[in-house]
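**Q** My structure is in upload-v9.csv, and what it holds is CSV, C-alpha atoms and all ligand atoms:
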```csv
chain,number,residue,atom,x,y,z
A,320,MET,CA,-2.4,-18.2,-23.2
A,321,SER,CA,0.5,-16.1,-22.1
A,322,LEU,CA,0.2,-12.5,-20.9
A,323,PHE,CA,2.3,-11.1,-23.8
A,324,ILE,CA,1.2,-7.8,-25.3
A,325,ASP,CA,2.9,-6.6,-28.4
A,326,GLN,CA,4.0,-3.2,-27.1
A,327,PHE,CA,5.1,-2.2,-23.7
A,328,THR,CA,7.8,-0.3,-21.8
A,329,THR,CA,8.7,-1.1,-18.2
A,330,THR,CA,11.4,0.1,-15.8
A,331,LEU,CA,12.3,-2.3,-13.0
A,332,PRO,CA,13.8,-0.8,-9.9
A,333,GLY,CA,17.0,-2.2,-8.6
A,334,VAL,CA,15.7,-3.2,-5.2
A,335,ARG,CA,17.1,-6.0,-3.0
A,336,VAL,CA,14.4,-8.0,-1.3
A,337,ARG,CA,14.8,-10.7,1.3
A,338,PHE,CA,12.0,-12.9,2.8
A,339,GLY,CA,12.0,-15.2,5.8
A,340,PRO,CA,10.9,-15.4,9.4
A,341,GLY,CA,13.7,-13.8,11.5
A,342,VAL,CA,15.3,-12.0,8.5
A,343,ARG,CA,15.1,-8.8,10.5
A,344,HIS,CA,18.2,-10.1,12.3
A,345,ARG,CA,20.1,-9.6,9.1
A,346,VAL,CA,20.0,-5.8,9.1
A,347,ALA,CA,23.7,-5.5,10.1
A,348,GLU,CA,24.7,-7.9,7.3
A,349,GLU,CA,22.7,-5.8,4.8
A,350,MET,CA,24.3,-2.6,6.1
A,351,ASP,CA,27.8,-4.1,5.8
A,352,MET,CA,27.1,-5.2,2.2
A,353,LEU,CA,26.2,-1.5,1.3
A,354,GLY,CA,29.2,-0.2,3.3
A,355,LEU,CA,26.9,1.5,5.9
A,356,SER,CA,27.5,1.8,9.6
A,357,ARG,CA,25.1,4.3,11.2
A,358,ALA,CA,21.4,3.7,10.9
A,359,LEU,CA,18.7,6.1,12.0
A,360,ILE,CA,15.8,3.9,13.2
A,361,LEU,CA,12.3,5.1,12.4
A,362,THR,CA,8.9,4.0,13.8
A,363,THR,CA,5.6,5.3,14.9
A,364,PRO,CA,5.1,6.0,18.6
A,365,GLN,CA,3.0,2.7,18.8
A,366,GLN,CA,6.0,0.7,17.5
A,367,ALA,CA,8.7,2.5,19.5
A,368,GLU,CA,9.3,-0.7,21.5
A,369,THR,CA,10.1,-2.6,18.3
A,370,GLY,CA,12.4,0.3,17.3
A,371,ALA,CA,14.2,-0.1,20.7
A,372,GLU,CA,14.7,-3.8,20.1
A,373,PHE,CA,16.4,-2.9,16.8
A,374,ALA,CA,18.6,-0.3,18.5
A,375,ALA,CA,19.7,-2.9,21.0
A,376,MET,CA,20.3,-5.5,18.3
A,377,LEU,CA,22.4,-3.0,16.2
A,378,GLY,CA,24.5,-1.6,19.0
A,379,ASP,CA,26.9,1.0,17.7
A,380,ARG,CA,25.4,0.6,14.2
A,381,ALA,CA,22.3,2.5,15.6
A,382,ALA,CA,23.1,6.2,15.2
A,383,GLY,CA,19.7,7.3,16.6
A,384,SER,CA,16.0,6.7,16.8
A,385,PHE,CA,13.0,8.8,15.8
A,386,ALA,CA,9.6,7.3,16.9
A,387,ARG,CA,7.2,9.9,15.7
A,388,ALA,CA,6.2,8.8,12.2
A,389,THR,CA,2.7,10.1,11.4
A,390,MET,CA,0.0,9.2,8.9
A,391,HIS,CA,0.2,11.2,5.6
A,392,THR,CA,3.9,12.3,6.3
A,393,PRO,CA,3.5,15.9,7.6
A,394,THR,CA,6.5,18.0,6.4
A,395,ALA,CA,7.1,19.5,9.8
A,396,ILE,CA,7.9,16.0,11.2
A,397,SER,CA,10.0,15.1,8.2
A,398,GLU,CA,12.1,18.3,8.6
A,399,GLU,CA,12.6,17.5,12.3
A,400,ALA,CA,13.7,13.9,11.5
A,401,THR,CA,16.0,15.1,8.7
A,402,THR,CA,17.7,17.4,11.2
A,403,LEU,CA,18.2,14.5,13.5
A,404,ALA,CA,19.6,12.3,10.7
A,405,ARG,CA,22.2,15.0,10.0
A,406,ASP,CA,23.0,15.7,13.6
A,407,CYS,CA,23.5,12.0,14.4
A,408,ARG,CA,25.6,11.6,11.2
A,409,ALA,CA,23.3,8.7,10.0
A,410,ASP,CA,24.5,7.1,6.8
A,411,CYS,CA,21.2,5.2,6.2
A,412,LEU,CA,17.6,5.0,7.3
A,413,LEU,CA,16.0,1.9,8.9
A,414,SER,CA,12.2,2.2,8.6
A,415,ILE,CA,10.2,-0.4,10.6
A,416,GLY,CA,6.4,-0.2,10.2
A,417,GLY,CA,3.6,0.5,7.8
A,418,GLY,CA,3.2,3.1,5.1
A,419,SER,CA,3.4,6.0,7.6
A,420,THR,CA,6.9,5.0,8.8
A,421,THR,CA,8.1,4.1,5.2
A,422,GLY,CA,6.7,7.5,4.2
A,423,LEU,CA,8.9,9.3,6.8
A,424,GLY,CA,12.0,7.4,5.6
A,425,LYS,CA,11.2,8.4,2.0
A,426,ALA,CA,10.8,12.0,3.0
A,427,ILE,CA,14.2,12.0,4.7
A,428,ALA,CA,15.8,10.3,1.7
A,429,LEU,CA,14.3,12.9,-0.6
A,430,ARG,CA,16.1,15.6,1.5
A,431,THR,CA,19.4,13.8,2.1
A,432,ASP,CA,19.8,11.0,-0.5
A,433,LEU,CA,20.4,8.5,2.4
A,434,PRO,CA,19.8,4.9,1.4
A,435,GLN,CA,16.8,3.1,3.0
A,436,ILE,CA,16.3,-0.3,4.5
A,437,VAL,CA,12.7,-1.0,5.1
A,438,ILE,CA,11.1,-3.7,7.3
A,439,PRO,CA,7.3,-3.6,6.5
A,440,THR,CA,4.8,-4.6,9.2
A,441,THR,CA,1.6,-3.9,7.2
A,442,TYR,CA,0.6,-4.8,3.6
A,443,ALA,CA,0.3,-1.2,2.3
A,444,GLY,CA,3.2,-1.6,-0.2
A,445,SER,CA,4.9,1.8,0.1
A,446,GLU,CA,8.3,0.1,0.5
A,447,ALA,CA,8.1,-1.1,-3.1
A,448,THR,CA,7.3,2.3,-4.8
A,449,PRO,CA,9.1,5.5,-5.8
A,450,ILE,CA,6.1,7.4,-4.6
A,451,LEU,CA,5.9,9.8,-1.6
A,452,GLY,CA,2.8,11.5,-0.4
A,453,GLN,CA,3.3,14.5,2.0
A,454,THR,CA,1.0,16.9,3.8
A,455,GLU,CA,1.6,20.6,4.6
A,456,ASP,CA,-1.1,22.8,6.1
A,457,GLY,CA,-3.6,20.0,5.5
A,458,HIS,CA,-2.8,19.9,1.8
A,459,LYS,CA,-1.5,16.5,0.4
A,460,THR,CA,0.8,16.4,-2.6
A,461,THR,CA,2.4,13.3,-4.2
A,462,ILE,CA,5.7,13.1,-5.9
A,463,THR,CA,7.3,10.2,-7.8
A,464,THR,CA,11.1,10.0,-8.0
A,465,PRO,CA,13.7,7.2,-7.8
A,466,LYS,CA,15.3,9.2,-5.0
A,467,VAL,CA,12.7,7.9,-2.6
A,468,GLN,CA,12.6,4.2,-3.7
A,469,PRO,CA,14.0,2.1,-0.9
A,470,GLU,CA,17.2,0.1,-1.7
A,471,VAL,CA,16.6,-2.9,0.6
A,472,ILE,CA,13.3,-4.5,1.8
A,473,LEU,CA,13.3,-7.2,4.5
A,474,TYR,CA,10.0,-9.1,4.8
A,475,ASP,CA,9.8,-10.8,8.2
A,476,ALA,CA,6.6,-12.7,8.9
A,477,GLU,CA,7.3,-12.7,12.6
A,478,LEU,CA,6.9,-8.9,12.7
A,479,VAL,CA,3.5,-8.9,11.0
A,480,ARG,CA,2.0,-11.4,13.4
A,481,SER,CA,1.1,-8.5,15.8
A,482,LEU,CA,-1.0,-6.8,13.2
A,483,PRO,CA,-4.6,-7.1,14.5
A,484,VAL,CA,-6.9,-9.3,12.3
A,485,GLY,CA,-9.1,-6.3,11.4
A,486,MET,CA,-6.2,-4.3,10.2
A,487,THR,CA,-4.7,-7.3,8.5
A,488,VAL,CA,-7.8,-7.6,6.4
A,489,THR,CA,-8.2,-3.9,5.5
A,490,SER,CA,-4.4,-3.5,4.8
A,491,ALA,CA,-4.6,-6.6,2.5
A,492,LEU,CA,-7.6,-5.1,0.6
A,493,ASN,CA,-5.6,-1.8,0.3
A,494,ALA,CA,-2.8,-3.8,-1.3
A,495,MET,CA,-5.2,-5.8,-3.5
A,496,ALA,CA,-6.5,-2.5,-4.9
A,497,HIS,CA,-3.0,-1.7,-6.3
A,498,ALA,CA,-3.1,-5.1,-8.2
A,499,ALA,CA,-6.7,-4.7,-9.4
A,500,GLU,CA,-6.1,-1.3,-10.8
A,501,GLY,CA,-2.8,-2.4,-12.2
A,502,LEU,CA,-4.7,-4.9,-14.4
A,503,TYR,CA,-6.1,-2.1,-16.6
A,504,ALA,CA,-3.3,0.5,-16.3
A,505,GLN,CA,-2.5,2.1,-19.6
A,506,ASN,CA,1.3,1.5,-19.0
A,507,ARG,CA,0.9,-2.1,-17.8
A,508,SER,CA,3.3,-4.8,-19.0
A,509,PRO,CA,3.1,-8.6,-19.0
A,510,LEU,CA,5.2,-8.5,-15.9
A,511,SER,CA,3.0,-6.1,-13.9
A,512,THR,CA,0.0,-8.2,-14.8
A,513,LEU,CA,1.8,-11.4,-13.8
A,514,MET,CA,2.6,-9.8,-10.4
A,515,ALA,CA,-0.9,-8.4,-10.0
A,516,LEU,CA,-2.6,-11.8,-10.6
A,517,GLU,CA,-0.1,-13.7,-8.4
A,518,GLY,CA,-0.5,-11.1,-5.6
A,519,LEU,CA,-4.3,-11.4,-5.7
A,520,ARG,CA,-4.1,-15.2,-5.7
A,521,ALA,CA,-1.7,-15.2,-2.8
A,522,PHE,CA,-4.0,-13.0,-0.7
A,523,ARG,CA,-7.0,-15.1,-1.6
A,524,ASP,CA,-5.2,-18.2,-0.3
A,525,ALA,CA,-3.4,-16.8,2.7
A,526,LEU,CA,-5.8,-14.3,4.2
A,527,PRO,CA,-8.4,-16.8,5.4
A,528,ARG,CA,-5.5,-18.8,7.0
A,529,VAL,CA,-4.2,-15.7,8.8
A,530,GLN,CA,-7.7,-14.9,9.9
A,531,ALA,CA,-8.1,-18.4,11.4
A,532,ASN,CA,-4.7,-18.3,13.0
A,533,PRO,CA,-2.9,-14.9,13.1
A,534,ASP,CA,0.3,-16.6,14.3
A,535,ASP,CA,0.5,-18.9,11.3
A,536,LEU,CA,3.9,-17.8,10.1
A,537,GLN,CA,3.7,-19.5,6.7
A,538,ALA,CA,0.4,-17.8,5.9
A,539,ARG,CA,1.8,-14.4,7.2
A,540,GLY,CA,4.8,-14.9,4.9
A,541,GLU,CA,2.5,-15.5,2.0
A,542,THR,CA,0.5,-12.3,2.7
A,543,LEU,CA,3.8,-10.4,2.8
A,544,TYR,CA,4.7,-12.0,-0.5
A,545,ALA,CA,1.3,-10.8,-1.9
A,546,ALA,CA,1.9,-7.3,-0.5
A,547,TRP,CA,5.3,-7.1,-2.2
A,548,LEU,CA,3.8,-8.1,-5.5
A,549,CYS,CA,0.9,-5.7,-5.2
A,550,GLY,CA,3.2,-2.9,-4.0
A,551,THR,CA,5.5,-3.4,-6.9
A,552,VAL,CA,2.6,-3.1,-9.3
A,553,LEU,CA,1.7,0.2,-7.6
A,554,GLY,CA,5.3,1.3,-8.0
A,555,THR,CA,5.5,0.3,-11.7
A,556,VAL,CA,2.2,1.4,-13.3
A,557,GLY,CA,-0.4,4.2,-13.0
A,558,MET,CA,-3.5,4.0,-10.8
A,559,ALA,CA,-7.0,5.2,-11.8
A,560,LEU,CA,-10.5,5.8,-10.4
A,561,HIS,CA,-10.2,3.6,-7.2
A,562,HIS,CA,-7.1,5.5,-6.0
A,563,LYS,CA,-8.6,8.9,-6.9
A,564,LEU,CA,-11.7,8.1,-4.9
A,565,CYS,CA,-9.7,6.9,-1.9
A,566,HIS,CA,-7.5,10.0,-2.0
A,567,THR,CA,-10.6,12.2,-2.1
A,568,LEU,CA,-12.2,10.5,0.8
A,569,GLY,CA,-9.0,10.4,2.9
A,570,GLY,CA,-7.9,13.9,2.0
A,571,SER,CA,-11.1,15.8,2.1
A,572,PHE,CA,-13.2,13.8,4.6
A,573,ASP,CA,-10.5,12.3,6.8
A,574,LEU,CA,-11.6,8.8,6.3
A,575,PRO,CA,-9.2,6.1,7.5
A,576,HIS,CA,-6.7,5.0,4.7
A,577,ALA,CA,-6.9,1.2,4.6
A,578,GLU,CA,-10.6,0.9,5.5
A,579,THR,CA,-11.6,3.3,2.8
A,580,HIS,CA,-9.7,1.2,0.2
A,581,ALA,CA,-11.4,-1.9,1.5
A,582,VAL,CA,-14.9,-0.4,1.1
A,583,ILE,CA,-14.3,1.3,-2.3
A,584,LEU,CA,-12.5,-1.5,-4.1
A,585,PRO,CA,-15.5,-3.7,-5.2
A,586,HIS,CA,-17.4,-0.5,-6.4
A,587,ALA,CA,-14.5,1.0,-8.3
A,588,ILE,CA,-13.8,-2.2,-10.0
A,589,ALA,CA,-17.5,-2.7,-10.8
A,590,TYR,CA,-17.6,0.8,-12.3
A,591,ASN,CA,-14.8,-0.2,-14.8
A,592,GLU,CA,-15.7,-3.8,-15.4
A,593,GLN,CA,-17.5,-3.3,-18.7
A,594,ALA,CA,-14.8,-0.9,-20.1
A,595,ALA,CA,-12.0,-3.2,-19.0
A,596,ALA,CA,-13.9,-6.5,-19.3
A,597,ARG,CA,-11.0,-8.7,-20.5
A,598,ASP,CA,-8.4,-7.2,-18.1
A,599,LEU,CA,-10.7,-7.7,-15.1
A,600,ALA,CA,-12.1,-11.1,-15.9
A,601,PRO,CA,-9.4,-13.0,-13.9
A,602,ILE,CA,-10.7,-11.3,-10.7
A,603,ALA,CA,-14.1,-13.0,-11.0
A,604,GLU,CA,-12.2,-16.3,-11.6
A,605,ILE,CA,-9.8,-15.8,-8.7
A,606,PHE,CA,-12.3,-14.8,-6.1
A,607,GLY,CA,-15.4,-16.6,-7.5
A,608,GLY,CA,-18.3,-14.4,-8.5
A,609,ALA,CA,-20.6,-13.5,-11.3
A,610,THR,CA,-18.7,-10.2,-11.9
A,611,PRO,CA,-15.3,-8.9,-10.7
A,612,GLY,CA,-16.9,-6.3,-8.5
A,613,GLN,CA,-19.3,-8.8,-6.9
A,614,ALA,CA,-16.4,-11.3,-6.4
A,615,LEU,CA,-14.4,-8.7,-4.5
A,616,HIS,CA,-17.4,-7.7,-2.5
A,617,ALA,CA,-18.1,-11.3,-1.5
A,618,PHE,CA,-14.4,-11.9,-0.6
A,619,ALA,CA,-14.4,-8.7,1.6
A,620,ARG,CA,-17.6,-9.9,3.3
A,621,ARG,CA,-16.1,-13.4,4.0
A,622,MET,CA,-13.1,-11.7,5.5
A,623,ASN,CA,-15.4,-9.5,7.7
A,624,ALA,CA,-14.0,-6.3,6.2
A,625,PRO,CA,-15.9,-3.1,6.6
A,626,LEU,CA,-18.3,-2.8,3.6
A,627,ALA,CA,-20.0,0.6,4.1
A,628,LEU,CA,-18.7,4.2,4.1
A,629,ARG,CA,-21.4,5.1,6.6
A,630,ASP,CA,-19.6,2.7,9.1
A,631,LEU,CA,-16.4,4.6,8.6
A,632,GLY,CA,-18.1,7.8,9.8
A,633,MET,CA,-19.0,9.4,6.4
A,634,ALA,CA,-22.1,11.5,6.5
A,635,ALA,CA,-24.7,11.0,3.8
A,636,ALA,CA,-24.8,14.8,3.4
A,637,ASP,CA,-21.2,14.7,2.2
A,638,LEU,CA,-21.7,12.3,-0.7
A,639,ASP,CA,-22.6,15.1,-3.3
A,640,ARG,CA,-19.4,17.1,-2.4
A,641,ALA,CA,-17.3,13.9,-2.5
A,642,ALA,CA,-18.6,13.1,-6.0
A,643,ASP,CA,-17.8,16.7,-7.1
A,644,ILE,CA,-14.3,16.6,-5.8
A,645,ALA,CA,-13.6,13.1,-7.1
A,646,THR,CA,-14.6,14.1,-10.6
A,647,GLN,CA,-12.4,17.2,-10.7
A,648,ASN,CA,-9.0,16.6,-12.3
A,649,PRO,CA,-9.7,12.8,-12.8
A,650,TYR,CA,-6.9,10.4,-13.2
A,651,TRP,CA,-6.9,8.4,-16.5
A,652,ASN,CA,-9.6,5.7,-16.2
A,653,PRO,CA,-10.8,3.0,-18.6
A,654,ARG,CA,-14.4,4.3,-18.4
A,655,PRO,CA,-15.0,8.1,-18.5
A,656,VAL,CA,-15.4,9.5,-15.0
A,657,GLU,CA,-19.0,10.8,-15.1
A,658,ALA,CA,-20.5,12.8,-12.2
A,659,ARG,CA,-23.9,11.1,-11.9
A,660,ALA,CA,-22.4,7.6,-12.2
A,661,ILE,CA,-19.7,8.4,-9.5
A,662,ARG,CA,-22.5,9.7,-7.2
A,663,GLY,CA,-24.3,6.4,-7.7
A,664,LEU,CA,-21.0,4.5,-6.9
A,665,LEU,CA,-20.5,6.5,-3.7
A,666,GLN,CA,-24.2,5.8,-2.7
A,667,ALA,CA,-23.7,2.1,-3.1
A,668,ALA,CA,-20.4,2.2,-1.2
A,669,TRP,CA,-22.0,4.3,1.6
A,670,GLU,CA,-24.8,1.8,2.0
A,671,GLY,CA,-22.4,-1.2,1.7
A,672,ALA,CA,-24.6,-3.0,-0.9
A,673,ALA,CA,-22.9,-5.4,-3.3
A,674,PRO,CA,-22.3,-3.7,-6.7
A,675,ALA,CA,-25.0,-4.4,-9.3
A,676,ALA,CA,-24.1,-6.7,-12.2
B,701,LIG,P1,0.3,3.0,9.2
B,701,LIG,O1,1.7,2.9,8.8
B,701,LIG,O2,-0.2,4.3,9.4
B,701,LIG,O3,0.1,2.0,10.4
B,701,LIG,C1,-1.2,2.1,11.1
B,701,LIG,C2,-0.9,1.8,12.6
B,701,LIG,O4,-0.6,0.4,12.8
B,701,LIG,C3,0.3,2.6,13.2
B,701,LIG,O5,-0.1,2.9,14.5
B,701,LIG,C4,1.3,1.5,13.2
B,701,LIG,O6,2.3,1.7,14.2
B,701,LIG,C5,0.5,0.2,13.5
B,701,LIG,N1,1.2,-1.0,13.0
B,701,LIG,C6,1.8,-1.2,11.9
B,701,LIG,N2,2.3,-2.4,11.8
B,701,LIG,C7,1.9,-3.1,12.9
B,701,LIG,C8,2.0,-4.4,13.4
B,701,LIG,N3,2.6,-5.3,12.7
B,701,LIG,N4,1.5,-4.7,14.6
B,701,LIG,C9,0.9,-3.7,15.3
B,701,LIG,N5,0.7,-2.5,14.9
B,701,LIG,C10,1.2,-2.1,13.7
B,701,LIG,O7,-0.7,2.3,8.1
B,701,LIG,P2,-0.5,1.8,6.6
B,701,LIG,O8,-1.9,1.5,6.2
B,701,LIG,O9,0.5,0.8,6.5
B,701,LIG,O10,0.0,3.1,5.8
B,701,LIG,C11,-0.9,4.1,5.5
B,701,LIG,C12,0.0,5.3,5.0
B,701,LIG,O11,0.8,4.9,4.0
B,701,LIG,C13,-0.9,6.4,4.3
B,701,LIG,O12,-0.4,7.6,4.7
B,701,LIG,C14,-0.8,6.1,2.8
B,701,LIG,O13,-1.0,7.3,2.1
B,701,LIG,C15,0.7,5.6,2.8
B,701,LIG,N6,1.0,4.8,1.6
B,701,LIG,C16,1.9,5.2,0.7
B,701,LIG,C17,2.2,4.5,-0.4
B,701,LIG,C18,3.2,4.9,-1.4
B,701,LIG,O14,3.6,4.2,-2.3
B,701,LIG,N7,3.7,6.1,-1.2
B,701,LIG,C19,1.6,3.2,-0.6
B,701,LIG,C20,0.6,2.8,0.4
B,701,LIG,C21,0.3,3.6,1.4
```
For the structure just supplied, provide its representation as structure tokens.
**A**
Amino acid sequence: MSLFIDQFTTTLPGVRVRFGPGVRHRVAEEMDMLGLSRALILTTPQQAETGAEFAAMLGDRAAGSFARATMHTPTAISEEATTLARDCRADCLLSIGGGSTTGLGKAIALRTDLPQIVIPTTYAGSEATPILGQTEDGHKTTITTPKVQPEVILYDAELVRSLPVGMTVTSALNAMAHAAEGLYAQNRSPLSTLMALEGLRAFRDALPRVQANPDDLQARGETLYAAWLCGTVLGTVGMALHHKLCHTLGGSFDLPHAETHAVILPHAIAYNEQAAARDLAPIAEIFGGATPGQALHAFARRMNAPLALRDLGMAAADLDRAADIATQNPYWNPRPVEARAIRGLLQAAWEGAAPAA
């Protein structure tokens, strides 16, 4: 049976995407194609060395470097980097890294309209979305605008080899959450579902191979392919309970981004599996399990992912408050977001138990 549904609307962004080991060496070619000649190179402090390699490779096409990208895109850093982009007369942004670095590039693009070339080194998927989350005075806001959608993405498996196995797994589960919630999104289309299912299958196949051999370039390439698909789903359709819970836990309790996604995913999907039974059924088939939530939990366990919020530093005493915050201004969700049930979900996630059938 095809994935056709009789009514849908979709907007596909005009993004150029290139895959291949070593494709990072094509940055100059991509800049030439766009008529660009002065890139501001962005990284985190941890990836400054990689940024320096790009600066050497680009020679006088490198207008400057800024190696202070920070988790959750604080506006003070974005303002500083924007000033540098103007001062060094950059005509484009080259972001090399995970969601934090991509976020900085997007924040500068929002302020300057400069085109972005992104070279992702995690699976978070921000490079494929028109979404920017920013923090100011500890308060996180999210905006969605085509102004921040990157123009070019270069997926180079060689650069993701250095991602430690633990981060590889949690980052992959972060990406899988975009696909899983995309399956029941109100504004899904046959194409978003196709991408979500293919992304989930590619992670299922490639992640164990990466875990066995983190240098396996073919498997690393396949995980990047999965991340692109899952990120594109995130950029194309609306997210629901899972993302709301993760934003609550990250924003109000400072829990780590990818790990929190990894722990919550099986429980959020279990919460919705009756209300969205048909949409979620493929997850149980793809990962093998009695229910979609249990199948995801078993996969996460096989991948040695963190399974319990308590192991991420969440205090049991905070669960009531987390349930309260998560049920305020809920996102649309296939099953009504009900305080007692959410408190139960958080308890199970805190303990790390498999979701009940
Ligand atoms: P990150 O970008 O913060 O990276 C985590 C750490 O890993 C950093 O120190 C980074 O330098 C390092 N790192 C990245 N790639 C590496 C590699 N290949 N080898 C070694 N070290 C590497 O983490 P993330 O999970 O990619 O991104 C999280 C952020 O992205 C959050 O702020 C989240 O809100 C945001 N995000 C935004 C969107 C969106 O669409 N706007 C989507 C997903 C995530």
**Q** Distance limit 6 Å, reference ligand LIG 701 (chain B), atoms considered: only C-alpha atoms and all ligand atoms. Which residues make the cut? Give them as a list of chain:residue names.
**A**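 What falls inside 6 Å of ligand LIG 701 (chain B) is A:Thr363, A:Gln365, A:Gln366, A:Met390, A:His391, A:Gly416, A:Gly417, A:Gly418, A:Ser419, A:Thr420, A:Thr440, A:Thr441, A:Ala443, A:Gly444, A:Ser445, A:Thr448, A:Ile450, A:Leu451, A:Gly452, A:Leu478, A:Val479, A:Ser481, A:Leu482, A:Ser490, A:His576, A:Ala577.
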**Q** Between A:Ala374, A:Ile644, A:Cys565, A:Ala658, which is the closest to His344 (chain A) once you count all atoms listed in the file?
**A**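 Checking each of A:Ala374, A:Ile644, A:Cys565, A:Ala658 against His344 (chain A), counting all atoms listed in the file, the winner is A:Ala374.
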**Q** Quick one, how far is CA of Pro449 (chain A) from CA of Ala624 (chain A)?
**A**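 Result for CA of Pro449 (chain A) versus CA of Ala624 (chain A): 28.6 Å, one decimal.
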**Q** For the point (-6.3, 6.7, -11.6) in the file's frame, write as a list in words all residues with an atom no more than 6 Å away, counting all atoms listed in the file.
**A**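 Returned residue set, sorted by chain then number, is Met558, Ala559, Leu560, His562, Lys563, Tyr650, Trp651 and Asn652 of chain A.
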**Q** May I have the residues within 10 Å of region 376-384 of chain A as a ChimeraX atom specification, using all atoms listed in the file and disregarding those fewer than 2 positions away in the same chain?
**A** /A:343-347,350-351,355-362,367,370-374,386-387,400,403-404,406-413
**Q** Check which residues of region 490-596 of chain A sit at most 9 Å from region 616-619 of chain A using only C-alpha atoms, and return one row each with the closest pair of atoms and their distance in Å to one decimal, ordered by chain and rising number, as a tab-separated table.
**A**
```
residue	atom	partner	partner_atom	distance
A:Leu492	CA	A:Ala619	CA	7.8
A:Arg523	CA	A:Phe618	CA	8.1
A:Ala581	CA	A:Ala619	CA	7.4
A:Val582	CA	A:Ala619	CA	8.3
A:Leu584	CA	A:His616	CA	8.1
A:Pro585	CA	A:His616	CA	5.2
A:His586	CA	A:His616	CA	8.2
```
**Q** When distances are computed from all atoms listed in the file, which of A:Gly540, A:Gly485, A:Pro364, A:Gly550 shows the smallest separation from Glu446 (chain A)?
**A**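 Of A:Gly540, A:Gly485, A:Pro364, A:Gly550, the one nearest Glu446 (chain A) is A:Gly550, counting all atoms listed in the file.
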**Q** Considering only C-alpha atoms, state which residue in the set A:Tyr590, A:Phe338, A:Trp669, A:Phe572 is at the smallest distance from Val471 (chain A).
**A**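 For Val471 (chain A), the nearest of the candidates is A:Phe338.
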**Q** Considering only C-alpha atoms, return as a list in words whatever protein or nucleic-acid residues lie within 8 Å of Tyr474 (chain A), sequence-local ones (same chain, fewer than 2 positions apart) excluded.
**A**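 Within the cut-off, the hits are Val336, Arg337, Phe338, Gly339, Pro340, Val342, Arg343, Ile438, Pro439, Ile472, Ala476, Gly540 and Leu543 of chain A.
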**Q** So, with only C-alpha atoms as the atoms that count, which of A:Ala531, A:Ala375, A:Leu429, A:Ile396 lies closest to Thr454 (chain A)?
**A**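 When distances to Thr454 (chain A) are compared using only C-alpha atoms, the smallest one comes from A:Ile396.
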**Q** Return the single residue from A:Ser414, A:Thr567, A:Asn591, A:Thr489 that is closest to Asp637 (chain A), with distances computed using only C-alpha atoms.
**A**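 Residue with the minimum atom-to-atom distance to Asp637 (chain A): A:Thr567.
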**Q** Quick one: everything within 10 Å of Ile324 (chain A), counting only C-alpha atoms, minus sequence neighbours fewer than 3 positions away in the same chain. Send it as a list of chain:residue names.
**A**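 After dropping sequence-adjacent residues, the list is A:Ser321, A:Phe327, A:Arg507, A:Ser508, A:Pro509.
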**Q** Hey, which of A:Ile588, A:Leu548, A:Ala642, A:Val467 ends up closest to Ala498 (chain A)? Count only C-alpha atoms.
**A**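 With only C-alpha atoms as the atom set, the closest residue is A:Leu548.
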**Q** What is the CA of Asn493 (chain A) to CA of Thr579 (chain A) distance in Å?
**A**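 Computing it gives 8.3 Å between the two atoms.
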**Q** One number please: CA of Trp547 (chain A) to CA of Thr421 (chain A), in Å, one decimal.
**A** 13.7 Å
**Q** Take the point (-13.4, 4.9, 10.9) as written in the file and pick out every residue within 10 Å of it, counting all atoms listed in the file; give the list as a ChimeraX atom specification.
**A** /A:573-579,625,628-633
**Q** So which residues touch Gln537 (chain A) within 12 Å, counting all atoms listed in the file, skipping near sequence neighbours fewer than 2 positions away, as a ChimeraX atom specification?
**A** /A:338-340,475-477,479-480,521,524-526,528-529,532-535,539-544
